[in-house]
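**Student:** Structure provided below as structure tokens; questions to follow.
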Amino acid sequence: MDKKSAVIIGAGPAGLAAGYEFIKQGIGPLVLERSGTVGGISRTESYKGFHFDIGGHRFFSKNDDINRIWQEMLGSDFLQVSRLSRIYYQNKFFNYPLRPANALFNLGPVESLLILLSYCRARFAPQPEESSFEQWIINRFGERLYRTFFKTYTEKVWGISCKEIKADWAAQRIKGLSLLVAVSNALFGGGQQAKSLVEQFNYPKYGPGMMWQRFKDHINAGGGKVMLNCEVSSVRHDNGRISKIVYFNGKEVQEVSAENFISSMPISSLIKLLKPQPPAEVLQSAEQLAYRAFIIVVLIVDKAVLFPDQWLYVHSPKVQVGRIQNFKNWSRFMVPDQSRTSIGMEYFCNENDPTWNMPDHELIEFAQREMAEMGFGPASQVIDSYVVRQSYAYPVYDSTYEKNLQNIRNYLYSFKNLQTIGRSGMHRYNNMDHSMQTGILAAKNCCGERHDLWTVNEEKSYLEEDRTVREIPTVPEKVLIKAFARMDKFAFATAFGAICGLLVFSATMWIISRGGDVLNSHLRLLAQYFIGYTVTVKGAFIAFGYSFFWGFLFGWLFAYLRNLFLAIYIYRIKRKAELLSLKDFFDNF
Amino acid sequence: MVKTEMKDSRLGPEEKLFSGVLLLNAKVVGLALGVIFGLGIFVATNWLVIKGGSRVGPHLILLSQYFIGYKVTFLGSLIGAAYGFALGTICGALMGWIYNRLATFRQ
Ligand SMILES: Cc1cc2nc3c(=O)[nH]c(=O)nc-3n(C[C@H](O)[C@H](O)[C@H](O)COP(=O)(O)OP(=O)(O)OC[C@H]3O[C@@H](n4cnc5c(N)ncnc54)[C@H](O)[C@@H]3O)c2cc1C
């Protein structure tokens with residue numbers, strides 16, 4: 001049996017990033033990968049020279065260190081792509097996020113008006129209860145917009161009715177930025193980065209697999225070892241420590257022991273591989289963690305241009321396809337022949353459901369039919385095709401997942417030398433950068449540092465220690481609260497009224513005290529507004545009353561308008577941030 | 001320019017943003033208003049001086065009833081500006097003081 005200082009299960013972004021960090025620390029880890037390629041869900045598959053992702057993978061991160069590592073790995077092979085992705089609905093392209101003029105033009109004036117009315121209704125008379133995703137969206141966008149642009153797509157992705165998706169889950173994911181952060185970003189520009197990231201992203205010349213291949217080479221060159229086609233089949237433990245893991249390398253069963261183990265395989269599968277077995281309730285929790293699967297049917301079309309977008313969201317309920325990737329629009333190097341186009345028809349499903357179990361040729365026919373139905377050309381133009389099934393694509397956040405995950409975590413804490421990382425490894429809706437961060441931090445933990453991996457990609461606590469954090473306000477909270485403090489209307493009105501009153505009162509008294517033809521002083525003209533006013537002591541009091549009254553009114557109005565405009569400003573910022581994070585929310589499916 | 005009064009440190013971030021009540025810095029409000037008044041009189045006087053004519057500033061001269069020594073001339077504009085500044089400063093500071101007292105009391 002081999003003895004290593006670190007063994008990593010899985011050569012996806014998380015596992016490879018952990019390997020990269022070990023090399024940096026002078027340790028050569030062993031990385032065991034079940035499949036024949038590196039990259040996990042972010043791998044690139046190839047078929048007859050056509051390259052494609054398992055769903056398009058944009059490289060973007062708010063973390064400077066991750067960006068630096070990516071650049072270091074790929075250099076000039078890391079392309080910058082301007083994003084174009086629209087919604088395909090009723091055979092028309094809608095800008096994403098929706099732009100009023102474009103939506104009006106595509107939907108026609110009648111439908112647009114109805115949408116506007118339903119939006120107004122939702123804003124002014126929202127549903128009192130907001131327990132489902134459906135209610136949450138309707139309250140913010142109106143019923144008609146919800147039915148047109150949210151319902152079908154969300155249900156395609158999750159395979160359940162929007163009524164069954166919990167609102168707090170949507171709120172948690174969509175809110176994204178807190179109001180304080182949004183306001184701070186709007187004022188001081190901290191959000192600029194987030195904005196530009198949405199419009200531009202990086203992409204490796206030959207697809208994401210190219211990145212992970214470089215990671216693999218780097219680890220191998222640095223004294224580590226990435227072994228493909230090695231499936232971990234058992235994880236043995238003893239006395240609160242993982243003692244060894246057993247894997248099958250395609251030919252024989254092997255064992256390896258190590259000081260540290262890091263796992264990026266699905267956490268539920270890991271639990272099932274532990275020997276001795278965990279307690280029944282932990283096994284049950286693992287059983288109950290659900291994942292959504294994903295099928296991509298690649299159609300190679302004998303046509304140079306189908307549409308200019310990198311991908312399309314398909315909102316039409318008439319077809320089952322959820323998204324269509326156009327790989328040559330990500331990078332022209334993804335196709336070997338520019339006169340052809342390879343599109344990826346993406347179907348969201350559950351492992352072993354009828355779609356998943358459909359034979360490849362049926363899936364291909366089905367996809368071709370849908371392509372034709374959407375108006376992208378007849379099936380006869382498809383010259384070749386390929387199918388990839390991806391299990392464990394999306395960790396499902398259902399009503400029980402938090403409890404189940406907590407049970408599992410509590411149990412796994414008992415192992416001193418085991419850490420779980422990555423998307424499925426932590427049952428987290430992680431992007432590649434989050435996954436990598438957990439891997440890097442896990443490796444650092446093995447070298448004596450102490451990081452809580454579970455705070456990565458947690459709302460607002462995106463690696464707090466990291467100087468690149470953007471989820472915290474760019475200016476201190478206190479300053480923001482000061483800047484947006486309400487004006488006390490009554491106090492301001494009274495103060496302003498008092499000053500106005502005092503001014504006129506003093507002016508009158510001053511003229512009287514100077515003597516002369518007091519009654520004919522120009523000040524008497526005030527009587528045109530202040531009925532009953534004369535340049536006398538009595539008149540001075542009358543003037544005080546009038547001036548105070550008008551001053552009070554103007555002061556109150558000023559304070560009211562000042563507060564109102566401030567509130568409108570804040571509301572707009574909040575809506576904008578909400579929309580931006582809503583866009584992010586859908587991007588991550 | 002402003003100080004704020006905060007209610008509760010246990011509030012969530014959204015509520016926090018609206019938790020402050022604006023308190024004015026009386027001295028700064030006074031100075032600001034003083035500068036506005038002073039500058040206003042300076043500009044208004046010199047505007048009439050530059051325009052010229054047979055009778056320069058028949059109405060503005062009424063200010064001299066309050067601002068002794070004020071005339072609608074360049075020198076008068078400086079004197080008026082000084083008076084305006086003093087008056088504005090007193091009014092602004094007083095207004096700020098009254099506002100703060102009331103706002104704090106109402107908290
Ligand atoms: C459709 C889709 C689109 C996405 N788009 C983006 C995007 O645009 N940008 C972005 O940043 N992220 C995107 N993501 C997320 C991204 O794919 C993941 O965050 C990332 O791949 C997670 O990496 P990981 O290493 O944590 O897990 P994985 O990629 O799942 O890697 C885990 C690895 O463990 C291996 N493994 C499992 N079991 C065993 C075993 N028993 N023995 C050995 N090895 C095992 C697997 O084969 C796999 O290689 C997308 C995801 C999907 C599904």
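Each chain in the structure tokens gets a letter, A, B and so on, in the order shown; residues start at 1 in every chain, and ligands are counted from 1 in the order they appear.
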Using only C-alpha atoms and all ligand atoms, which residues have at least one atom no more than 6 Å from ligand 1? Output them as a PDB file with N, CA, C and O atoms, in the first residue's frame.

**Tutor:**
ATOM      1  N   ILE A   9      -9.846  13.256  -3.868  1.00  0.00           N
ATOM      2  CA  ILE A   9     -10.787  12.503  -4.703  1.00  0.00           C
ATOM      3  C   ILE A   9     -11.454  13.482  -5.663  1.00  0.00           C
ATOM      4  O   ILE A   9     -12.100  14.443  -5.241  1.00  0.00           O
ATOM      5  N   GLY A  10     -11.295  13.229  -6.952  1.00  0.00           N
ATOM      6  CA  GLY A  10     -11.943  14.049  -7.975  1.00  0.00           C
ATOM      7  C   GLY A  10     -10.999  15.064  -8.578  1.00  0.00           C
ATOM      8  O   GLY A  10     -10.327  15.800  -7.854  1.00  0.00           O
ATOM      9  N   ALA A  11     -10.950  15.082  -9.918  1.00  0.00           N
ATOM     10  CA  ALA A  11     -10.096  16.065 -10.612  1.00  0.00           C
ATOM     11  C   ALA A  11     -10.951  17.094 -11.334  1.00  0.00           C
ATOM     12  O   ALA A  11     -10.740  17.412 -12.500  1.00  0.00           O
ATOM     13  N   GLY A  12     -11.976  17.598 -10.618  1.00  0.00           N
ATOM     14  CA  GLY A  12     -12.736  18.756 -11.107  1.00  0.00           C
ATOM     15  C   GLY A  12     -11.999  20.008 -10.658  1.00  0.00           C
ATOM     16  O   GLY A  12     -10.899  19.918 -10.086  1.00  0.00           O
ATOM     17  N   PRO A  13     -12.570  21.181 -10.886  1.00  0.00           N
ATOM     18  CA  PRO A  13     -11.906  22.423 -10.469  1.00  0.00           C
ATOM     19  C   PRO A  13     -11.494  22.419  -9.001  1.00  0.00           C
ATOM     20  O   PRO A  13     -10.395  22.878  -8.670  1.00  0.00           O
ATOM     21  N   ALA A  14     -12.333  21.878  -8.116  1.00  0.00           N
ATOM     22  CA  ALA A  14     -12.026  21.908  -6.685  1.00  0.00           C
ATOM     23  C   ALA A  14     -10.808  21.039  -6.387  1.00  0.00           C
ATOM     24  O   ALA A  14      -9.848  21.491  -5.743  1.00  0.00           O
ATOM     25  N   GLY A  15     -10.842  19.791  -6.861  1.00  0.00           N
ATOM     26  CA  GLY A  15      -9.756  18.860  -6.587  1.00  0.00           C
ATOM     27  C   GLY A  15      -8.454  19.338  -7.195  1.00  0.00           C
ATOM     28  O   GLY A  15      -7.386  19.274  -6.555  1.00  0.00           O
ATOM     29  N   LEU A  32      -7.190  11.332  -7.522  1.00  0.00           N
ATOM     30  CA  LEU A  32      -7.838  10.187  -8.152  1.00  0.00           C
ATOM     31  C   LEU A  32      -9.115  10.638  -8.854  1.00  0.00           C
ATOM     32  O   LEU A  32      -9.994  11.229  -8.222  1.00  0.00           O
ATOM     33  N   GLU A  33      -9.195  10.377 -10.137  1.00  0.00           N
ATOM     34  CA  GLU A  33     -10.365  10.811 -10.897  1.00  0.00           C
ATOM     35  C   GLU A  33     -11.025   9.598 -11.544  1.00  0.00           C
ATOM     36  O   GLU A  33     -10.365   8.803 -12.202  1.00  0.00           O
ATOM     37  N   ARG A  34     -12.327   9.541 -11.357  1.00  0.00           N
ATOM     38  CA  ARG A  34     -13.078   8.397 -11.857  1.00  0.00           C
ATOM     39  C   ARG A  34     -13.116   8.343 -13.389  1.00  0.00           C
ATOM     40  O   ARG A  34     -12.962   7.285 -13.997  1.00  0.00           O
ATOM     41  N   SER A  35     -13.312   9.518 -14.006  1.00  0.00           N
ATOM     42  CA  SER A  35     -13.503   9.493 -15.459  1.00  0.00           C
ATOM     43  C   SER A  35     -12.167   9.564 -16.200  1.00  0.00           C
ATOM     44  O   SER A  35     -11.103   9.645 -15.593  1.00  0.00           O
ATOM     45  N   GLY A  39     -11.576  17.856 -15.108  1.00  0.00           N
ATOM     46  CA  GLY A  39     -12.494  19.002 -15.232  1.00  0.00           C
ATOM     47  C   GLY A  39     -13.862  18.780 -14.612  1.00  0.00           C
ATOM     48  O   GLY A  39     -14.609  19.731 -14.426  1.00  0.00           O
ATOM     49  N   GLY A  40     -14.217  17.529 -14.335  1.00  0.00           N
ATOM     50  CA  GLY A  40     -15.531  17.262 -13.736  1.00  0.00           C
ATOM     51  C   GLY A  40     -16.648  17.806 -14.611  1.00  0.00           C
ATOM     52  O   GLY A  40     -16.633  17.628 -15.832  1.00  0.00           O
ATOM     53  N   ILE A  41     -17.581  18.534 -13.989  1.00  0.00           N
ATOM     54  CA  ILE A  41     -18.696  19.101 -14.777  1.00  0.00           C
ATOM     55  C   ILE A  41     -18.161  20.184 -15.711  1.00  0.00           C
ATOM     56  O   ILE A  41     -18.772  20.507 -16.719  1.00  0.00           O
ATOM     57  N   SER A  42     -17.006  20.728 -15.386  1.00  0.00           N
ATOM     58  CA  SER A  42     -16.443  21.792 -16.222  1.00  0.00           C
ATOM     59  C   SER A  42     -15.482  21.242 -17.280  1.00  0.00           C
ATOM     60  O   SER A  42     -14.646  21.991 -17.801  1.00  0.00           O
ATOM     61  N   ILE A  54     -20.105  20.869 -20.846  1.00  0.00           N
ATOM     62  CA  ILE A  54     -21.321  20.309 -20.261  1.00  0.00           C
ATOM     63  C   ILE A  54     -22.128  21.507 -19.789  1.00  0.00           C
ATOM     64  O   ILE A  54     -22.119  21.887 -18.620  1.00  0.00           O
ATOM     65  N   GLY A  55     -22.771  22.169 -20.722  1.00  0.00           N
ATOM     66  CA  GLY A  55     -23.352  23.487 -20.438  1.00  0.00           C
ATOM     67  C   GLY A  55     -22.215  24.465 -20.585  1.00  0.00           C
ATOM     68  O   GLY A  55     -21.109  24.163 -20.168  1.00  0.00           O
ATOM     69  N   GLY A  56     -22.466  25.622 -21.194  1.00  0.00           N
ATOM     70  CA  GLY A  56     -21.357  26.560 -21.390  1.00  0.00           C
ATOM     71  C   GLY A  56     -20.787  27.004 -20.057  1.00  0.00           C
ATOM     72  O   GLY A  56     -21.539  27.222 -19.115  1.00  0.00           O
ATOM     73  N   HIS A  57     -19.477  27.121 -19.994  1.00  0.00           N
ATOM     74  CA  HIS A  57     -18.840  27.534 -18.735  1.00  0.00           C
ATOM     75  C   HIS A  57     -18.118  28.857 -18.876  1.00  0.00           C
ATOM     76  O   HIS A  57     -17.054  28.931 -19.488  1.00  0.00           O
ATOM     77  N   ARG A  58     -18.712  29.885 -18.309  1.00  0.00           N
ATOM     78  CA  ARG A  58     -18.054  31.196 -18.303  1.00  0.00           C
ATOM     79  C   ARG A  58     -17.049  31.234 -17.163  1.00  0.00           C
ATOM     80  O   ARG A  58     -17.336  30.763 -16.071  1.00  0.00           O
ATOM     81  N   PHE A  59     -15.907  31.814 -17.425  1.00  0.00           N
ATOM     82  CA  PHE A  59     -14.929  32.011 -16.355  1.00  0.00           C
ATOM     83  C   PHE A  59     -15.050  33.444 -15.876  1.00  0.00           C
ATOM     84  O   PHE A  59     -14.733  34.372 -16.612  1.00  0.00           O
ATOM     85  N   CYS A 230      -9.690   6.232 -12.251  1.00  0.00           N
ATOM     86  CA  CYS A 230      -9.507   5.609 -10.941  1.00  0.00           C
ATOM     87  C   CYS A 230     -10.702   5.953 -10.059  1.00  0.00           C
ATOM     88  O   CYS A 230     -10.791   7.084  -9.552  1.00  0.00           O
ATOM     89  N   GLU A 231     -11.589   5.010  -9.916  1.00  0.00           N
ATOM     90  CA  GLU A 231     -12.808   5.286  -9.156  1.00  0.00           C
ATOM     91  C   GLU A 231     -12.657   4.831  -7.710  1.00  0.00           C
ATOM     92  O   GLU A 231     -12.365   3.662  -7.440  1.00  0.00           O
ATOM     93  N   VAL A 232     -12.846   5.767  -6.807  1.00  0.00           N
ATOM     94  CA  VAL A 232     -12.764   5.417  -5.376  1.00  0.00           C
ATOM     95  C   VAL A 232     -13.992   4.580  -5.038  1.00  0.00           C
ATOM     96  O   VAL A 232     -15.127   4.968  -5.338  1.00  0.00           O
ATOM     97  N   SER A 233     -13.753   3.402  -4.445  1.00  0.00           N
ATOM     98  CA  SER A 233     -14.884   2.520  -4.176  1.00  0.00           C
ATOM     99  C   SER A 233     -15.129   2.318  -2.683  1.00  0.00           C
ATOM    100  O   SER A 233     -16.175   1.822  -2.278  1.00  0.00           O
ATOM    101  N   SER A 264     -13.885  15.693  -3.346  1.00  0.00           N
ATOM    102  CA  SER A 264     -14.792  16.558  -4.107  1.00  0.00           C
ATOM    103  C   SER A 264     -15.873  15.734  -4.793  1.00  0.00           C
ATOM    104  O   SER A 264     -16.627  16.250  -5.596  1.00  0.00           O
ATOM    105  N   MET A 265     -15.933  14.456  -4.467  1.00  0.00           N
ATOM    106  CA  MET A 265     -17.022  13.642  -5.035  1.00  0.00           C
ATOM    107  C   MET A 265     -18.320  13.998  -4.309  1.00  0.00           C
ATOM    108  O   MET A 265     -18.273  14.599  -3.228  1.00  0.00           O
ATOM    109  N   ALA A 393     -25.549  17.143 -11.584  1.00  0.00           N
ATOM    110  CA  ALA A 393     -25.241  18.449 -12.178  1.00  0.00           C
ATOM    111  C   ALA A 393     -25.624  19.595 -11.243  1.00  0.00           C
ATOM    112  O   ALA A 393     -24.882  20.562 -11.101  1.00  0.00           O
ATOM    113  N   TYR A 394     -26.794  19.490 -10.636  1.00  0.00           N
ATOM    114  CA  TYR A 394     -27.273  20.571  -9.760  1.00  0.00           C
ATOM    115  C   TYR A 394     -27.663  20.022  -8.400  1.00  0.00           C
ATOM    116  O   TYR A 394     -28.565  19.192  -8.318  1.00  0.00           O
ATOM    117  N   GLY A 422     -15.849  21.627  -2.918  1.00  0.00           N
ATOM    118  CA  GLY A 422     -16.462  21.706  -4.237  1.00  0.00           C
ATOM    119  C   GLY A 422     -17.978  21.700  -4.235  1.00  0.00           C
ATOM    120  O   GLY A 422     -18.628  21.804  -3.210  1.00  0.00           O
ATOM    121  N   ARG A 423     -18.519  21.564  -5.414  1.00  0.00           N
ATOM    122  CA  ARG A 423     -19.950  21.729  -5.635  1.00  0.00           C
ATOM    123  C   ARG A 423     -20.738  20.569  -5.043  1.00  0.00           C
ATOM    124  O   ARG A 423     -21.493  20.723  -4.099  1.00  0.00           O
ATOM    125  N   SER A 424     -20.518  19.369  -5.556  1.00  0.00           N
ATOM    126  CA  SER A 424     -21.249  18.229  -5.011  1.00  0.00           C
ATOM    127  C   SER A 424     -20.650  17.797  -3.688  1.00  0.00           C
ATOM    128  O   SER A 424     -21.334  17.249  -2.839  1.00  0.00           O
ATOM    129  N   ASN A 430     -22.144  25.943  -6.179  1.00  0.00           N
ATOM    130  CA  ASN A 430     -20.890  26.646  -6.451  1.00  0.00           C
ATOM    131  C   ASN A 430     -20.605  26.817  -7.934  1.00  0.00           C
ATOM    132  O   ASN A 430     -20.895  25.938  -8.737  1.00  0.00           O
ATOM    133  N   ASN A 431     -19.976  27.907  -8.253  1.00  0.00           N
ATOM    134  CA  ASN A 431     -19.380  28.047  -9.568  1.00  0.00           C
ATOM    135  C   ASN A 431     -17.954  27.513  -9.498  1.00  0.00           C
ATOM    136  O   ASN A 431     -17.475  27.151  -8.424  1.00  0.00           O
ATOM    137  N   MET A 432     -17.265  27.545 -10.632  1.00  0.00           N
ATOM    138  CA  MET A 432     -15.910  26.992 -10.644  1.00  0.00           C
ATOM    139  C   MET A 432     -15.000  27.710  -9.646  1.00  0.00           C
ATOM    140  O   MET A 432     -14.194  27.071  -8.966  1.00  0.00           O
ATOM    141  N   ASP A 433     -15.140  29.036  -9.578  1.00  0.00           N
ATOM    142  CA  ASP A 433     -14.235  29.781  -8.694  1.00  0.00           C
ATOM    143  C   ASP A 433     -14.467  29.442  -7.223  1.00  0.00           C
ATOM    144  O   ASP A 433     -13.520  29.283  -6.457  1.00  0.00           O
ATOM    145  N   SER A 435     -15.635  26.636  -6.108  1.00  0.00           N
ATOM    146  CA  SER A 435     -15.118  25.279  -5.925  1.00  0.00           C
ATOM    147  C   SER A 435     -13.615  25.317  -5.747  1.00  0.00           C
ATOM    148  O   SER A 435     -13.053  24.664  -4.867  1.00  0.00           O
TER     149      SER A 435
END

**Student:** Write out as a Markdown table a residue-level contact list of chain A versus chain B with cut-off 9 Å: for each qualifying residue the closest pair of atoms and the distance in Å to one decimal, counting only C-alpha atoms, rows sorted by chain and residue number upward.

**Tutor:**
| residue | atom | partner | partner_atom | distance |
| --- | --- | --- | --- | --- |
| A:Ser178 | CA | B:Pro13 | CA | 6.9 |
| A:Leu179 | CA | B:Glu14 | CA | 5.6 |
| A:Leu180 | CA | B:Pro13 | CA | 6.3 |
| A:Glu477 | CA | B:Leu17 | CA | 8.3 |
| A:Lys478 | CA | B:Leu17 | CA | 9.0 |
| A:Leu480 | CA | B:Leu17 | CA | 7.1 |
| A:Ile481 | CA | B:Leu17 | CA | 5.0 |
| A:Lys482 | CA | B:Thr4 | CA | 5.4 |
| A:Ala483 | CA | B:Val2 | CA | 8.0 |
| A:Phe484 | CA | B:Leu17 | CA | 6.7 |
| A:Ala485 | CA | B:Gly20 | CA | 4.4 |
| A:Arg486 | CA | B:Val21 | CA | 4.8 |
| A:Met487 | CA | B:Leu22 | CA | 5.0 |
| A:Asp488 | CA | B:Ala103 | CA | 6.1 |
| A:Lys489 | CA | B:Ala103 | CA | 8.9 |
| A:Phe490 | CA | B:Ala103 | CA | 8.1 |
| A:Ala491 | CA | B:Tyr99 | CA | 5.0 |
| A:Phe492 | CA | B:Tyr99 | CA | 5.4 |
| A:Ala493 | CA | B:Tyr99 | CA | 8.3 |
| A:Thr494 | CA | B:Tyr99 | CA | 7.3 |
| A:Ala495 | CA | B:Met95 | CA | 5.1 |
| A:Phe496 | CA | B:Met95 | CA | 6.2 |
| A:Ala498 | CA | B:Met95 | CA | 7.7 |
| A:Ile499 | CA | B:Met95 | CA | 6.3 |
| A:Cys500 | CA | B:Cys91 | CA | 8.9 |
| A:Leu503 | CA | B:Cys91 | CA | 8.4 |
| A:Ala507 | CA | B:Tyr66 | CA | 7.5 |
| A:Trp510 | CA | B:Tyr66 | CA | 7.5 |
| A:Ile511 | CA | B:Gln65 | CA | 7.5 |
| A:Arg514 | CA | B:Gln65 | CA | 8.9 |
| A:His522 | CA | B:Leu62 | CA | 8.0 |

**Student:** Pull N, CA and C atoms from the residues just selected and write them as a CSV table (one decimal), in the first residue's frame.

**Tutor:**
chain,number,residue,atom,x,y,z
A,178,SER,N,-26.9,43.0,-0.3
A,178,SER,CA,-27.8,43.6,0.7
A,178,SER,C,-28.0,45.1,0.2
A,179,LEU,N,-29.0,45.7,0.7
A,179,LEU,CA,-29.3,47.1,0.3
A,179,LEU,C,-28.1,48.0,0.6
A,180,LEU,N,-27.5,47.8,1.7
A,180,LEU,CA,-26.3,48.6,2.1
A,180,LEU,C,-25.2,48.5,1.1
A,477,GLU,N,-20.5,50.9,7.1
A,477,GLU,CA,-22.0,51.0,7.3
A,477,GLU,C,-22.4,52.3,7.9
A,478,LYS,N,-21.6,52.7,8.9
A,478,LYS,CA,-22.0,53.9,9.7
A,478,LYS,C,-22.1,55.1,8.7
A,480,LEU,N,-22.7,55.1,5.6
A,480,LEU,CA,-23.9,55.0,4.7
A,480,LEU,C,-25.2,55.4,5.4
A,481,ILE,N,-25.3,54.9,6.7
A,481,ILE,CA,-26.5,55.2,7.5
A,481,ILE,C,-26.6,56.7,7.7
A,482,LYS,N,-25.4,57.3,7.9
A,482,LYS,CA,-25.4,58.8,8.0
A,482,LYS,C,-25.9,59.5,6.8
A,483,ALA,N,-25.4,59.0,5.7
A,483,ALA,CA,-25.7,59.6,4.4
A,483,ALA,C,-27.1,59.5,4.0
A,484,PHE,N,-27.8,58.4,4.4
A,484,PHE,CA,-29.1,58.2,4.1
A,484,PHE,C,-30.1,58.4,5.2
A,485,ALA,N,-29.7,59.1,6.2
A,485,ALA,CA,-30.6,59.3,7.4
A,485,ALA,C,-31.8,60.2,7.0
A,486,ARG,N,-32.9,59.9,7.5
A,486,ARG,CA,-34.2,60.6,7.3
A,486,ARG,C,-34.1,62.0,7.9
A,487,MET,N,-34.8,62.9,7.3
A,487,MET,CA,-34.8,64.2,7.9
A,487,MET,C,-36.1,64.2,8.7
A,488,ASP,N,-36.1,64.7,10.0
A,488,ASP,CA,-37.3,64.8,10.8
A,488,ASP,C,-38.1,66.0,10.2
A,489,LYS,N,-39.2,65.6,9.6
A,489,LYS,CA,-40.0,66.7,8.9
A,489,LYS,C,-40.5,67.7,9.9
A,490,PHE,N,-41.1,67.3,11.0
A,490,PHE,CA,-41.7,68.2,11.9
A,490,PHE,C,-40.6,69.1,12.5
A,491,ALA,N,-39.5,68.5,12.8
A,491,ALA,CA,-38.4,69.4,13.4
A,491,ALA,C,-37.9,70.4,12.4
A,492,PHE,N,-37.8,69.9,11.2
A,492,PHE,CA,-37.2,70.9,10.2
A,492,PHE,C,-38.2,72.0,9.9
A,493,ALA,N,-39.5,71.6,9.8
A,493,ALA,CA,-40.5,72.6,9.5
A,493,ALA,C,-40.6,73.6,10.6
A,494,THR,N,-40.5,73.1,11.9
A,494,THR,CA,-40.6,74.0,13.0
A,494,THR,C,-39.4,75.0,13.0
A,495,ALA,N,-38.2,74.4,12.8
A,495,ALA,CA,-37.0,75.2,12.8
A,495,ALA,C,-37.1,76.3,11.7
A,496,PHE,N,-37.5,75.9,10.5
A,496,PHE,CA,-37.5,76.8,9.4
A,496,PHE,C,-38.6,77.9,9.6
A,498,ALA,N,-39.7,78.9,12.5
A,498,ALA,CA,-39.3,79.8,13.5
A,498,ALA,C,-38.3,80.9,13.0
A,499,ILE,N,-37.4,80.4,12.2
A,499,ILE,CA,-36.4,81.4,11.6
A,499,ILE,C,-37.1,82.4,10.7
A,500,CYS,N,-38.0,82.0,9.9
A,500,CYS,CA,-38.7,82.9,9.0
A,500,CYS,C,-39.5,83.9,9.9
A,503,LEU,N,-37.2,86.4,11.6
A,503,LEU,CA,-36.6,87.4,10.6
A,503,LEU,C,-37.6,88.5,10.4
A,507,ALA,N,-37.3,92.3,11.7
A,507,ALA,CA,-37.2,93.4,10.7
A,507,ALA,C,-38.2,94.5,11.0
A,510,TRP,N,-37.2,96.4,14.2
A,510,TRP,CA,-36.0,97.2,13.8
A,510,TRP,C,-36.5,98.5,13.2
A,511,ILE,N,-37.4,98.5,12.3
A,511,ILE,CA,-37.9,99.7,11.7
A,511,ILE,C,-38.6,100.5,12.7
A,514,ARG,N,-36.2,102.4,14.9
A,514,ARG,CA,-35.5,103.5,14.3
A,514,ARG,C,-36.3,104.8,14.2
A,522,HIS,N,-41.5,100.6,3.6
A,522,HIS,CA,-41.7,99.6,2.5
A,522,HIS,C,-42.2,98.3,3.1

**Student:** Can you pull out every residue within 7 Å of region 74-82 of chain A, counting only C-alpha atoms, but drop anything in the same chain fewer than 5 positions away, and send it as a count of residues only?

**Tutor:** 9

**Student:** Out of A:Ile512, A:Leu363, A:Ile440, A:Leu116, which residue has the shortest atom-to-atom distance to Gly142 (chain A) when counting only C-alpha atoms?

**Tutor:**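 Closest to Gly142 (chain A) of all the choices is A:Leu116.
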
**Student:** Kindly give the distance, in Å, that separates CA of Lys251 (chain A) and CA of Val38 (chain A), rounded to a single decimal.

**Tutor:** 19.6 Å

**Student:** Excluding Tyr546 (chain A) and any residue of its chain fewer than 4 positions from it, enumerate the residues within 7 Å of it, using only C-alpha atoms, and give them as an mmCIF file with all heavy atoms, in the first residue's frame.

**Tutor:**
data_model
loop_
_atom_site.group_PDB
_atom_site.id
_atom_site.type_symbol
_atom_site.label_atom_id
_atom_site.label_comp_id
_atom_site.auth_asym_id
_atom_site.auth_seq_id
_atom_site.Cartn_x
_atom_site.Cartn_y
_atom_site.Cartn_z
ATOM 1 N N PHE A 530 -49.787 89.206 4.177
ATOM 2 C CA PHE A 530 -50.137 88.954 5.576
ATOM 3 C C PHE A 530 -51.284 89.898 5.959
ATOM 4 O O PHE A 530 -51.055 91.012 6.441
ATOM 5 C CB PHE A 530 -48.936 89.207 6.498
ATOM 6 C CG PHE A 530 -47.722 88.366 6.220
ATOM 7 C CD1 PHE A 530 -46.485 88.691 6.774
ATOM 8 C CD2 PHE A 530 -47.799 87.232 5.409
ATOM 9 C CE1 PHE A 530 -45.361 87.924 6.522
ATOM 10 C CE2 PHE A 530 -46.677 86.470 5.141
ATOM 11 C CZ PHE A 530 -45.460 86.819 5.691
ATOM 12 N N ILE A 542 -48.101 89.603 14.393
ATOM 13 C CA ILE A 542 -48.921 89.005 13.315
ATOM 14 C C ILE A 542 -47.996 88.442 12.230
ATOM 15 O O ILE A 542 -48.171 87.327 11.744
ATOM 16 C CB ILE A 542 -49.882 90.067 12.729
ATOM 17 C CG1 ILE A 542 -50.930 90.420 13.784
ATOM 18 C CG2 ILE A 542 -50.551 89.551 11.452
ATOM 19 C CD1 ILE A 542 -51.872 91.548 13.389
ATOM 20 N N TRP A 550 -46.079 79.857 7.084
ATOM 21 C CA TRP A 550 -45.593 79.541 5.723
ATOM 22 C C TRP A 550 -44.230 78.847 5.763
ATOM 23 O O TRP A 550 -43.968 77.924 4.996
ATOM 24 C CB TRP A 550 -45.533 80.809 4.867
ATOM 25 C CG TRP A 550 -46.918 81.264 4.492
ATOM 26 C CD1 TRP A 550 -47.562 82.381 4.918
ATOM 27 C CD2 TRP A 550 -47.829 80.563 3.638
ATOM 28 N NE1 TRP A 550 -48.835 82.442 4.398
ATOM 29 C CE2 TRP A 550 -49.020 81.333 3.592
ATOM 30 C CE3 TRP A 550 -47.792 79.382 2.909
ATOM 31 C CZ2 TRP A 550 -50.137 80.952 2.856
ATOM 32 C CZ3 TRP A 550 -48.906 79.010 2.170
ATOM 33 C CH2 TRP A 550 -50.061 79.784 2.149
#
